[in-house]
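So this block is protein03.txt, compact mmCIF, C-alpha atoms:
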# COMPACT_ATOMS: atom_id res chain seq x y z
CA MET A 16 1.97 -128.89 111.44
CA ASN A 17 1.76 -125.24 112.53
CA ARG A 18 2.52 -124.17 108.95
CA ILE A 19 -0.36 -126.29 107.64
CA VAL A 20 -2.81 -124.78 110.17
CA TYR A 21 -1.66 -121.24 109.36
CA ALA A 22 -2.03 -121.77 105.60
CA THR A 23 -5.50 -123.26 106.07
CA ALA A 24 -6.63 -120.21 108.12
CA VAL A 25 -5.36 -117.76 105.52
CA LEU A 26 -7.14 -119.61 102.73
CA THR A 27 -10.42 -119.69 104.68
CA ALA A 28 -10.27 -115.93 105.37
CA ALA A 29 -9.68 -115.18 101.71
CA VAL A 30 -12.72 -117.22 100.69
CA VAL A 31 -14.94 -115.42 103.22
CA LEU A 32 -13.79 -111.96 102.11
CA THR A 33 -14.34 -112.86 98.47
CA ALA A 34 -17.89 -114.02 99.18
CA CYS A 35 -18.81 -110.89 101.20
CA SER A 36 -17.34 -108.22 98.92
CA PRO A 37 -19.23 -107.01 95.77
CA THR A 38 -17.97 -108.10 92.40
CA GLY A 39 -16.99 -105.63 89.70
CA LYS A 40 -20.35 -106.23 88.06
CA ASP A 41 -22.21 -105.50 91.30
CA GLN A 42 -20.27 -102.29 91.79
CA ALA A 43 -21.19 -101.05 88.30
CA ALA A 44 -24.88 -101.82 88.90
CA ALA A 45 -24.82 -99.89 92.18
CA ALA A 46 -23.24 -96.91 90.44
CA ASP A 47 -25.90 -96.97 87.69
CA GLU A 48 -28.65 -97.13 90.31
CA SER A 49 -27.18 -94.12 92.12
CA ARG A 50 -27.07 -92.12 88.88
CA SER A 51 -30.73 -93.02 88.05
CA GLU A 52 -32.03 -91.27 91.19
CA PRO A 53 -31.57 -87.51 90.57
CA ALA A 54 -32.22 -84.95 93.25
CA SER A 55 -35.87 -83.84 93.56
CA ARG A 56 -36.87 -80.87 91.40
CA VAL A 57 -39.21 -79.62 94.12
CA GLN A 58 -37.66 -77.93 97.15
CA HIS A 59 -38.59 -75.39 99.83
CA ASP A 60 -36.76 -72.26 100.86
CA THR A 61 -36.37 -70.92 104.39
CA ASN A 62 -39.74 -69.14 104.09
CA GLY A 63 -41.50 -72.35 103.16
CA ASP A 64 -42.07 -71.26 99.55
CA VAL A 65 -42.07 -73.98 96.93
CA ILE A 66 -39.11 -73.88 94.54
CA ILE A 67 -38.96 -75.89 91.32
CA LYS A 68 -35.53 -76.35 89.78
CA LEU A 69 -35.42 -77.04 86.04
CA ASP A 70 -32.37 -76.85 83.82
CA ALA A 71 -32.49 -74.99 80.52
CA ALA A 72 -32.96 -78.17 78.48
CA THR A 73 -35.98 -79.24 80.54
CA GLN A 74 -37.47 -75.76 80.28
CA ARG A 75 -37.22 -75.95 76.50
CA VAL A 76 -38.83 -79.39 76.41
CA MET A 77 -41.72 -78.13 78.57
CA GLY A 78 -42.07 -75.04 76.38
CA LEU A 79 -41.89 -72.63 79.31
CA GLN A 80 -42.05 -68.93 78.49
CA VAL A 81 -41.69 -65.98 80.84
CA ALA A 82 -42.53 -62.29 80.58
CA SER A 83 -41.64 -59.22 82.62
CA LEU A 84 -44.58 -57.49 84.28
CA ALA A 85 -45.41 -54.02 83.02
CA ALA A 86 -46.56 -51.11 85.14
CA LYS A 87 -50.29 -50.35 85.25
CA GLU A 88 -52.26 -47.48 86.76
CA LEU A 89 -55.87 -47.73 87.81
CA ALA A 90 -58.32 -44.92 88.45
CA PRO A 91 -60.42 -45.22 91.63
CA GLU A 92 -63.37 -47.52 90.99
CA VAL A 93 -66.53 -48.65 92.72
CA LYS A 94 -67.79 -52.14 92.00
CA ALA A 95 -71.43 -52.44 90.96
CA PHE A 96 -73.73 -55.00 89.39
CA GLY A 97 -76.29 -54.53 86.67
CA ARG A 98 -77.94 -55.66 83.49
CA VAL A 99 -77.97 -54.74 79.81
CA MET A 100 -81.25 -53.07 78.89
CA ASP A 101 -83.62 -54.70 76.42
CA PRO A 102 -84.25 -51.78 74.04
CA THR A 103 -87.69 -53.00 72.95
CA THR A 104 -89.34 -51.61 76.09
CA LEU A 105 -87.69 -48.24 75.61
CA SER A 106 -88.53 -48.27 71.93
CA ALA A 107 -92.24 -48.67 72.63
CA LEU A 108 -92.23 -45.75 75.06
CA VAL A 109 -90.26 -43.56 72.67
CA ALA A 110 -92.72 -44.39 69.89
CA ASP A 111 -95.55 -43.23 72.14
CA TRP A 112 -93.65 -40.04 72.88
CA VAL A 113 -92.94 -39.40 69.18
CA SER A 114 -96.62 -39.84 68.40
CA ALA A 115 -97.72 -37.62 71.27
CA GLN A 116 -95.12 -35.01 70.35
CA ALA A 117 -96.34 -34.97 66.76
CA GLY A 118 -99.91 -34.52 67.97
CA ALA A 119 -98.84 -31.67 70.24
CA GLU A 120 -97.02 -29.91 67.43
CA ALA A 121 -100.03 -30.28 65.12
CA ALA A 122 -102.37 -28.94 67.80
CA GLN A 123 -100.06 -25.98 68.39
CA LYS A 124 -100.01 -25.17 64.67
CA ASP A 125 -103.80 -25.37 64.52
CA LEU A 126 -104.05 -23.03 67.50
CA ALA A 127 -101.70 -20.54 65.84
CA ARG A 128 -103.80 -20.62 62.68
CA LEU A 129 -107.04 -19.99 64.59
CA GLN A 130 -105.44 -17.19 66.57
CA THR A 131 -104.54 -15.50 63.28
CA LEU A 132 -108.08 -15.96 61.96
CA ALA A 133 -109.61 -14.75 65.22
CA ALA A 134 -107.51 -11.59 65.01
CA GLN A 135 -109.02 -11.05 61.60
CA HIS A 136 -112.50 -11.80 62.95
CA ASN A 137 -112.65 -14.93 60.79
CA ALA A 138 -112.84 -17.51 63.63
CA SER A 139 -115.30 -17.87 66.46
CA THR A 140 -114.33 -17.61 70.10
CA ARG A 141 -115.62 -21.14 70.67
CA ALA A 142 -113.34 -22.58 67.96
CA LEU A 143 -110.37 -20.71 69.38
CA GLU A 144 -111.07 -21.99 72.90
CA ALA A 145 -111.38 -25.55 71.60
CA ALA A 146 -108.04 -25.23 69.81
CA GLN A 147 -106.40 -23.90 72.96
CA ALA A 148 -107.77 -26.84 75.00
CA GLU A 149 -106.56 -29.36 72.43
CA ALA A 150 -103.10 -27.80 72.33
CA GLN A 151 -102.84 -27.99 76.11
CA ARG A 152 -104.10 -31.60 76.20
CA SER A 153 -101.68 -32.68 73.46
CA ALA A 154 -98.74 -30.97 75.17
CA ALA A 155 -99.63 -32.70 78.45
CA MET A 156 -99.80 -36.09 76.73
CA ALA A 157 -96.39 -35.51 75.15
CA ALA A 158 -94.98 -34.54 78.56
CA VAL A 159 -96.37 -37.70 80.14
CA ALA A 160 -94.92 -39.81 77.35
CA ARG A 161 -91.49 -38.26 77.85
CA ALA A 162 -91.80 -38.72 81.63
CA LYS A 163 -92.35 -42.44 81.10
CA VAL A 164 -89.12 -42.60 79.10
CA GLN A 165 -87.32 -40.77 81.88
CA GLY A 166 -88.89 -43.05 84.49
CA ILE A 167 -87.19 -46.17 83.13
CA THR A 168 -83.94 -44.42 82.17
CA CYS A 169 -82.73 -40.98 83.24
CA LYS A 170 -83.38 -37.28 82.68
CA GLU A 171 -80.32 -36.82 80.44
CA LEU A 172 -81.44 -39.53 78.06
CA ALA A 173 -85.11 -38.55 77.98
CA GLU A 174 -84.18 -34.99 77.00
CA ARG A 175 -81.94 -35.95 74.12
CA PRO A 176 -83.02 -34.06 70.99
CA ASP A 177 -82.23 -37.15 68.91
CA LEU A 178 -84.08 -39.56 71.19
CA ALA A 179 -85.86 -41.36 68.35
CA ASP A 180 -82.67 -41.88 66.34
CA PHE A 181 -80.80 -42.89 69.48
CA THR A 182 -83.38 -45.56 70.27
CA ALA A 183 -83.23 -46.81 66.71
CA GLY A 184 -79.48 -47.29 67.17
CA LEU A 185 -80.13 -49.39 70.28
CA ILE A 186 -82.60 -51.57 68.40
CA ALA A 187 -80.09 -52.00 65.57
CA GLY A 188 -77.42 -53.04 68.06
CA ARG A 189 -75.05 -50.17 67.34
CA GLU A 190 -75.02 -49.22 71.04
CA VAL A 191 -76.16 -50.75 74.33
CA LEU A 192 -77.51 -49.19 77.49
CA VAL A 193 -76.46 -50.71 80.81
CA ARG A 194 -77.88 -49.97 84.23
CA LEU A 195 -75.49 -50.45 87.16
CA ASP A 196 -76.75 -50.54 90.75
CA LEU A 197 -74.33 -49.35 93.41
CA PRO A 198 -74.17 -51.19 96.74
CA ALA A 199 -76.83 -50.07 99.21
CA GLY A 200 -75.72 -46.93 101.01
CA GLU A 201 -72.94 -46.20 98.50
CA ALA A 202 -72.86 -42.58 97.36
CA LEU A 203 -70.50 -41.00 94.85
CA ALA A 204 -68.99 -37.65 95.74
CA ALA A 205 -68.69 -36.73 92.07
CA ALA A 206 -70.13 -37.86 88.76
CA PRO A 207 -68.46 -40.95 87.27
CA VAL A 208 -65.99 -40.48 84.46
CA GLY A 209 -66.90 -43.83 82.89
CA ALA A 210 -67.07 -47.53 83.63
CA ARG A 211 -65.70 -50.90 82.62
CA LEU A 212 -68.33 -53.58 82.03
CA VAL A 213 -67.55 -57.28 82.39
CA SER A 214 -70.05 -59.96 81.41
CA LEU A 215 -70.32 -63.26 83.25
CA ILE A 216 -68.65 -65.12 80.38
CA GLU A 217 -65.38 -66.69 81.54
CA ASP A 218 -62.36 -64.53 80.68
CA ALA A 219 -64.64 -61.89 79.17
CA THR A 220 -62.94 -58.74 77.91
CA PRO A 221 -63.92 -55.59 79.84
CA VAL A 222 -66.00 -53.20 77.74
CA PRO A 223 -65.52 -49.44 78.18
CA ALA A 224 -68.68 -47.38 78.68
CA GLN A 225 -69.48 -43.69 79.04
CA PHE A 226 -71.64 -42.25 81.78
CA VAL A 227 -75.11 -41.14 80.69
CA GLY A 228 -76.83 -40.13 83.90
CA ALA A 229 -78.24 -41.20 87.25
CA ALA A 230 -81.34 -43.38 87.08
CA ALA A 231 -84.61 -41.66 87.87
CA ALA A 232 -85.78 -44.57 90.03
CA MET A 233 -84.09 -46.76 92.63
CA ASP A 234 -84.24 -50.54 92.43
CA PRO A 235 -86.74 -51.66 95.12
CA GLN A 236 -84.71 -54.79 95.87
CA THR A 237 -81.11 -53.57 95.97
CA GLN A 238 -81.97 -50.13 97.41
CA GLY A 239 -78.82 -48.78 95.78
CA ARG A 240 -78.35 -45.75 93.57
CA ALA A 241 -78.46 -46.68 89.92
CA LEU A 242 -76.46 -45.26 87.03
CA TRP A 243 -76.84 -45.57 83.27
CA PHE A 244 -73.90 -46.17 80.93
CA LEU A 245 -73.60 -46.40 77.16
CA ALA A 246 -71.25 -48.83 75.40
CA THR A 247 -70.39 -48.64 71.72
CA THR A 248 -67.67 -51.32 71.36
CA ASN A 249 -67.41 -55.09 71.97
CA LEU A 250 -71.19 -55.25 71.90
CA ALA A 251 -71.21 -58.99 71.16
CA GLU A 252 -70.28 -59.56 74.81
CA LEU A 253 -73.26 -57.52 76.03
CA PRO A 254 -76.49 -59.03 74.68
CA PRO A 255 -79.80 -57.63 75.99
CA ASN A 256 -80.76 -58.71 79.52
CA SER A 257 -77.30 -60.13 80.23
CA ALA A 258 -75.94 -59.60 83.75
CA VAL A 259 -72.72 -57.63 84.07
CA THR A 260 -70.26 -56.53 86.70
CA GLY A 261 -69.39 -52.88 86.45
CA TYR A 262 -66.36 -50.98 87.68
CA VAL A 263 -67.52 -47.39 87.97
CA GLN A 264 -64.61 -45.00 87.54
CA ILE A 265 -64.63 -41.93 89.75
CA PRO A 266 -62.29 -38.91 89.98
CA GLY A 267 -59.33 -39.30 92.31
CA ALA A 268 -55.68 -40.30 92.65
CA ARG A 269 -54.68 -43.23 90.47
CA GLN A 270 -53.37 -46.46 92.00
CA SER A 271 -50.11 -48.04 90.87
CA GLY A 272 -49.57 -51.73 90.24
CA VAL A 273 -48.77 -54.22 87.49
CA LEU A 274 -50.72 -55.87 84.69
CA LEU A 275 -50.58 -59.63 85.21
CA PRO A 276 -51.28 -61.68 82.04
CA ARG A 277 -54.23 -64.05 82.37
CA ALA A 278 -52.14 -66.98 81.10
CA ALA A 279 -49.79 -66.61 84.07
CA VAL A 280 -52.50 -67.39 86.64
CA VAL A 281 -53.10 -70.93 87.91
CA ARG A 282 -55.88 -71.92 90.29
CA PHE A 283 -55.00 -74.20 93.19
CA LYS A 284 -57.08 -74.91 96.29
CA GLY A 285 -59.42 -72.03 95.52
CA THR A 286 -56.59 -69.48 95.31
CA SER A 287 -54.77 -67.72 92.47
CA TRP A 288 -51.02 -68.30 92.03
CA VAL A 289 -48.20 -67.43 89.65
CA TYR A 290 -44.75 -68.92 89.11
CA VAL A 291 -41.97 -66.36 89.38
CA LEU A 292 -38.56 -66.91 87.80
CA THR A 293 -36.05 -66.16 90.59
CA GLY A 294 -32.94 -67.59 88.94
CA ALA A 295 -31.78 -69.18 85.72
CA ASP A 296 -33.30 -72.50 86.80
CA GLU A 297 -35.56 -71.65 89.75
CA PHE A 298 -39.30 -71.02 89.78
CA VAL A 299 -41.19 -70.01 92.94
CA ARG A 300 -44.96 -70.27 93.33
CA ARG A 301 -46.50 -67.12 94.80
CA GLN A 302 -50.05 -66.29 95.78
CA VAL A 303 -51.60 -63.22 94.14
CA ALA A 304 -54.70 -61.11 94.77
CA LEU A 305 -56.43 -60.39 91.45
CA GLU A 306 -58.10 -57.01 91.93
CA GLN A 307 -59.59 -55.75 88.67
CA PRO A 308 -59.89 -57.44 85.26
CA PHE A 309 -58.46 -55.80 82.16
CA GLU A 310 -58.14 -56.86 78.57
CA GLY A 311 -55.56 -59.62 78.56
CA GLY A 312 -54.91 -59.63 82.28
CA TRP A 313 -55.51 -58.51 85.84
CA PHE A 314 -54.52 -55.44 87.81
CA VAL A 315 -52.41 -56.47 90.81
CA ARG A 316 -51.44 -53.86 93.35
CA GLU A 317 -49.44 -55.88 95.90
CA GLY A 318 -47.04 -58.81 95.91
CA LEU A 319 -45.57 -58.37 92.40
CA ALA A 320 -43.22 -55.60 91.31
CA VAL A 321 -42.70 -54.05 87.88
CA GLY A 322 -40.16 -56.14 85.97
CA THR A 323 -40.87 -59.38 87.86
CA LYS A 324 -40.58 -62.32 85.49
CA VAL A 325 -43.53 -64.70 85.60
CA VAL A 326 -44.29 -67.85 83.62
CA THR A 327 -46.89 -67.07 80.95
CA THR A 328 -46.76 -70.37 79.08
CA GLY A 329 -46.49 -73.65 80.97
CA ALA A 330 -47.58 -72.49 84.43
CA GLN A 331 -50.02 -75.38 84.71
CA GLN A 332 -47.22 -77.80 83.81
CA LEU A 333 -45.13 -76.40 86.64
CA LEU A 334 -47.99 -76.98 89.06
CA SER A 335 -48.27 -80.58 87.87
CA GLU A 336 -44.51 -81.01 88.30
CA GLU A 337 -44.74 -79.60 91.80
CA LEU A 338 -47.59 -81.89 92.82
CA LYS A 339 -45.81 -84.87 91.31
CA GLY A 340 -42.74 -84.01 93.33
CA GLN A 341 -44.85 -83.86 96.48
CA GLY A 342 -46.54 -87.16 95.78
CA GLY A 343 -49.80 -85.61 94.63
CA GLU A 344 -52.10 -82.85 95.82
CA GLU A 345 -52.00 -82.16 99.53
Show me this structure written as structure tokens.
Amino acid sequence: MNRIVYATAVLTAAVVLTACSPTGKDQAAAADESRSEPASRVQHDTNGDVIIKLDAATQRVMGLQVASLAAKELAPEVKAFGRVMDPTTLSALVADWVSAQAGAEAAQKDLARLQTLAAQHNASTRALEAAQAEAQRSAAMAAVARAKVQGITCKELAERPDLADFTAGLIAGREVLVRLDLPAGEALAAAPVGARLVSLIEDATPVPAQFVGAAAAMDPQTQGRALWFLATTNLAELPPNSAVTGYVQIPGARQSGVLLPRAAVVRFKGTSWVYVLTGADEFVRRQVALEQPFEGGWFVREGLAVGTKVVTTGAQQLLSEELKGQGGEE
């Protein structure tokens, strides 16, 4: 009897264990499920920086490309705002000056002729006096006309010997004049060596410009000193009356930094960021301060060293991958 009871207990225990333990099929399914949940690509280091880990194959699929940052030097600059001059107003004033100048020259020639005749007793004193008065009046009118040109530009431009031809070049679009107003109270210790002009068009290429002279009049609204600059290249980005931001270059020690490609910059939460390659499969998002725009990129003085490798193609994809790994934008 005891043997029968013992055998029955053993059989019952075996049935219970069989029912509770996973079958071979269940074990395989659990293993597959474990393999289908890879570790998150988005991690954080001890400083709280976001790290994205991507193997080489994934990087190729995403088309990621990196570039090493090159050194860049920047001359001291003062930021100013201004506008491209409409040359039609200047052209009208120059035309008045040309006409007045021609009249003055004709009057002076007539006076010289009468002076010669008067010396030969072939001209009356009255005629000579009239010629002298006309020569003085014509010279004064020419001076006023030139002063009007200087009043809307500067002394250096108004006194150009080729003023008429210069204005014709502005009308033809071969050159553009730009007035930049410095911040109120800003004074330059020395004459500018040039400027970089940037239109309000997104990702506009900075246009180099040469210094012409200080404006004869101050803007009544900004109350800042004004400067005139002449640009001869990339004129399509500087149509008449367009607003520009100017970076006035002044003498002084140059600043050192790097040139950050525009394609490397991503905007997130109102801030500029780049993804830095810190290992074969690691990308770290870093905040950057974009100081001055240049053709193809930005001058950055702090936070990025020469030789740092940043993502130049696919940075936006990395941001999307990061946000996906965090369950969306915070």
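From atom CA of Val273 of chain A back to atom CA of Gln302 of chain A, the distance works out to 14.7 Å.
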Using all atoms listed in the file, can you tell me which of A:Val263, A:Leu197, A:Val280, A:Leu89 comes closest to Thr327 of chain A?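 Answer, going by the shortest atom-to-atom distance: A:Val280.
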Work out how far atom CA of Ser83 of chain A is from atom CA of Asp70 of chain A, in Å to one decimal. 20.0 Å
Would you mind telling me which residue in A:Leu275, A:Gly329, A:Glu336, A:Ala134 lies nearest to Val303 of chain A when using only C-alpha atoms? A:Leu275
Which residues are close to segment 148-157 of chain A, i.e. within 9 Å by only C-alpha atoms, leaving aside same-chain residues fewer than 3 positions away? Reply as a PyMOL selection string. chain A and resi 111-126+143-145+160-162
Selection above as a file: C-alpha atoms, as a short mmCIF file (atom, residue, chain, number, x, y, z; two decimals), in the coordinates of the input:
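Ended up saving to part_3.cif:
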data_model
loop_
_atom_site.label_atom_id
_atom_site.label_comp_id
_atom_site.auth_asym_id
_atom_site.auth_seq_id
_atom_site.Cartn_x
_atom_site.Cartn_y
_atom_site.Cartn_z
CA ASP A 111 -95.55 -43.23 72.14
CA TRP A 112 -93.65 -40.04 72.88
CA VAL A 113 -92.94 -39.40 69.18
CA SER A 114 -96.62 -39.84 68.40
CA ALA A 115 -97.72 -37.62 71.27
CA GLN A 116 -95.12 -35.01 70.35
CA ALA A 117 -96.34 -34.97 66.76
CA GLY A 118 -99.91 -34.52 67.97
CA ALA A 119 -98.84 -31.67 70.24
CA GLU A 120 -97.02 -29.91 67.43
CA ALA A 121 -100.03 -30.28 65.12
CA ALA A 122 -102.37 -28.94 67.80
CA GLN A 123 -100.06 -25.98 68.39
CA LYS A 124 -100.01 -25.17 64.67
CA ASP A 125 -103.80 -25.37 64.52
CA LEU A 126 -104.05 -23.03 67.50
CA LEU A 143 -110.37 -20.71 69.38
CA GLU A 144 -111.07 -21.99 72.90
CA ALA A 145 -111.38 -25.55 71.60
CA ALA A 160 -94.92 -39.81 77.35
CA ARG A 161 -91.49 -38.26 77.85
CA ALA A 162 -91.80 -38.72 81.63
#
Would you fill the gaps in segment 310-330 of chain A so it has N, CA, C and O atoms, then print it as a PDB file, in the frame of the given file?
ATOM      1  N   GLU A 310     -58.327 -56.075  79.780  1.00  0.00           N
ATOM      2  CA  GLU A 310     -58.140 -56.860  78.570  1.00  0.00           C
ATOM      3  C   GLU A 310     -56.782 -57.536  78.602  1.00  0.00           C
ATOM      4  O   GLU A 310     -55.751 -56.887  78.688  1.00  0.00           O
ATOM      5  N   GLY A 311     -56.791 -58.854  78.578  1.00  0.00           N
ATOM      6  CA  GLY A 311     -55.560 -59.620  78.560  1.00  0.00           C
ATOM      7  C   GLY A 311     -54.946 -59.894  79.914  1.00  0.00           C
ATOM      8  O   GLY A 311     -53.929 -60.577  80.000  1.00  0.00           O
ATOM      9  N   GLY A 312     -55.544 -59.380  80.997  1.00  0.00           N
ATOM     10  CA  GLY A 312     -54.910 -59.630  82.280  1.00  0.00           C
ATOM     11  C   GLY A 312     -55.661 -59.056  83.453  1.00  0.00           C
ATOM     12  O   GLY A 312     -56.835 -58.676  83.358  1.00  0.00           O
ATOM     13  N   TRP A 313     -54.945 -58.992  84.589  1.00  0.00           N
ATOM     14  CA  TRP A 313     -55.510 -58.510  85.840  1.00  0.00           C
ATOM     15  C   TRP A 313     -54.623 -57.408  86.431  1.00  0.00           C
ATOM     16  O   TRP A 313     -53.401 -57.473  86.321  1.00  0.00           O
ATOM     17  N   PHE A 314     -55.261 -56.453  87.072  1.00  0.00           N
ATOM     18  CA  PHE A 314     -54.520 -55.440  87.810  1.00  0.00           C
ATOM     19  C   PHE A 314     -54.181 -56.005  89.181  1.00  0.00           C
ATOM     20  O   PHE A 314     -55.052 -56.473  89.915  1.00  0.00           O
ATOM     21  N   VAL A 315     -52.890 -55.986  89.520  1.00  0.00           N
ATOM     22  CA  VAL A 315     -52.410 -56.470  90.810  1.00  0.00           C
ATOM     23  C   VAL A 315     -51.644 -55.341  91.473  1.00  0.00           C
ATOM     24  O   VAL A 315     -50.690 -54.807  90.890  1.00  0.00           O
ATOM     25  N   ARG A 316     -52.037 -55.002  92.678  1.00  0.00           N
ATOM     26  CA  ARG A 316     -51.440 -53.860  93.350  1.00  0.00           C
ATOM     27  C   ARG A 316     -50.313 -54.273  94.299  1.00  0.00           C
ATOM     28  O   ARG A 316     -49.363 -53.525  94.504  1.00  0.00           O
ATOM     29  N   GLU A 317     -50.408 -55.460  94.892  1.00  0.00           N
ATOM     30  CA  GLU A 317     -49.440 -55.880  95.900  1.00  0.00           C
ATOM     31  C   GLU A 317     -48.881 -57.261  95.573  1.00  0.00           C
ATOM     32  O   GLU A 317     -49.559 -58.085  94.960  1.00  0.00           O
ATOM     33  N   GLY A 318     -47.633 -57.487  96.019  1.00  0.00           N
ATOM     34  CA  GLY A 318     -47.040 -58.810  95.910  1.00  0.00           C
ATOM     35  C   GLY A 318     -46.155 -59.020  94.688  1.00  0.00           C
ATOM     36  O   GLY A 318     -45.301 -59.904  94.695  1.00  0.00           O
ATOM     37  N   LEU A 319     -46.363 -58.236  93.619  1.00  0.00           N
ATOM     38  CA  LEU A 319     -45.570 -58.370  92.400  1.00  0.00           C
ATOM     39  C   LEU A 319     -45.084 -56.988  91.978  1.00  0.00           C
ATOM     40  O   LEU A 319     -45.878 -56.042  91.911  1.00  0.00           O
ATOM     41  N   ALA A 320     -43.801 -56.887  91.687  1.00  0.00           N
ATOM     42  CA  ALA A 320     -43.220 -55.600  91.310  1.00  0.00           C
ATOM     43  C   ALA A 320     -43.069 -55.503  89.795  1.00  0.00           C
ATOM     44  O   ALA A 320     -43.057 -56.521  89.082  1.00  0.00           O
ATOM     45  N   VAL A 321     -42.954 -54.277  89.311  1.00  0.00           N
ATOM     46  CA  VAL A 321     -42.700 -54.050  87.880  1.00  0.00           C
ATOM     47  C   VAL A 321     -41.375 -54.720  87.513  1.00  0.00           C
ATOM     48  O   VAL A 321     -40.376 -54.585  88.218  1.00  0.00           O
ATOM     49  N   GLY A 322     -41.363 -55.453  86.417  1.00  0.00           N
ATOM     50  CA  GLY A 322     -40.160 -56.140  85.970  1.00  0.00           C
ATOM     51  C   GLY A 322     -40.041 -57.565  86.457  1.00  0.00           C
ATOM     52  O   GLY A 322     -39.170 -58.317  85.985  1.00  0.00           O
ATOM     53  N   THR A 323     -40.892 -57.984  87.394  1.00  0.00           N
ATOM     54  CA  THR A 323     -40.870 -59.380  87.860  1.00  0.00           C
ATOM     55  C   THR A 323     -41.166 -60.302  86.686  1.00  0.00           C
ATOM     56  O   THR A 323     -42.078 -60.058  85.897  1.00  0.00           O
ATOM     57  N   LYS A 324     -40.394 -61.368  86.581  1.00  0.00           N
ATOM     58  CA  LYS A 324     -40.580 -62.320  85.490  1.00  0.00           C
ATOM     59  C   LYS A 324     -41.467 -63.470  85.946  1.00  0.00           C
ATOM     60  O   LYS A 324     -41.149 -64.173  86.905  1.00  0.00           O
ATOM     61  N   VAL A 325     -42.588 -63.640  85.256  1.00  0.00           N
ATOM     62  CA  VAL A 325     -43.530 -64.700  85.600  1.00  0.00           C
ATOM     63  C   VAL A 325     -43.706 -65.629  84.401  1.00  0.00           C
ATOM     64  O   VAL A 325     -43.520 -65.221  83.242  1.00  0.00           O
ATOM     65  N   VAL A 326     -44.062 -66.869  84.678  1.00  0.00           N
ATOM     66  CA  VAL A 326     -44.290 -67.850  83.620  1.00  0.00           C
ATOM     67  C   VAL A 326     -45.645 -67.564  82.983  1.00  0.00           C
ATOM     68  O   VAL A 326     -46.676 -67.553  83.658  1.00  0.00           O
ATOM     69  N   THR A 327     -45.650 -67.340  81.676  1.00  0.00           N
ATOM     70  CA  THR A 327     -46.890 -67.070  80.950  1.00  0.00           C
ATOM     71  C   THR A 327     -47.329 -68.237  80.086  1.00  0.00           C
ATOM     72  O   THR A 327     -48.478 -68.300  79.668  1.00  0.00           O
ATOM     73  N   THR A 328     -46.426 -69.155  79.805  1.00  0.00           N
ATOM     74  CA  THR A 328     -46.760 -70.370  79.080  1.00  0.00           C
ATOM     75  C   THR A 328     -46.138 -71.551  79.825  1.00  0.00           C
ATOM     76  O   THR A 328     -44.918 -71.584  80.009  1.00  0.00           O
ATOM     77  N   GLY A 329     -46.987 -72.470  80.272  1.00  0.00           N
ATOM     78  CA  GLY A 329     -46.490 -73.650  80.970  1.00  0.00           C
ATOM     79  C   GLY A 329     -46.661 -73.591  82.476  1.00  0.00           C
ATOM     80  O   GLY A 329     -46.137 -74.453  83.191  1.00  0.00           O
ATOM     81  N   ALA A 330     -47.400 -72.592  82.982  1.00  0.00           N
ATOM     82  CA  ALA A 330     -47.580 -72.490  84.430  1.00  0.00           C
ATOM     83  C   ALA A 330     -48.303 -73.705  84.986  1.00  0.00           C
ATOM     84  O   ALA A 330     -47.967 -74.212  86.062  1.00  0.00           O
TER      85      ALA A 330
END
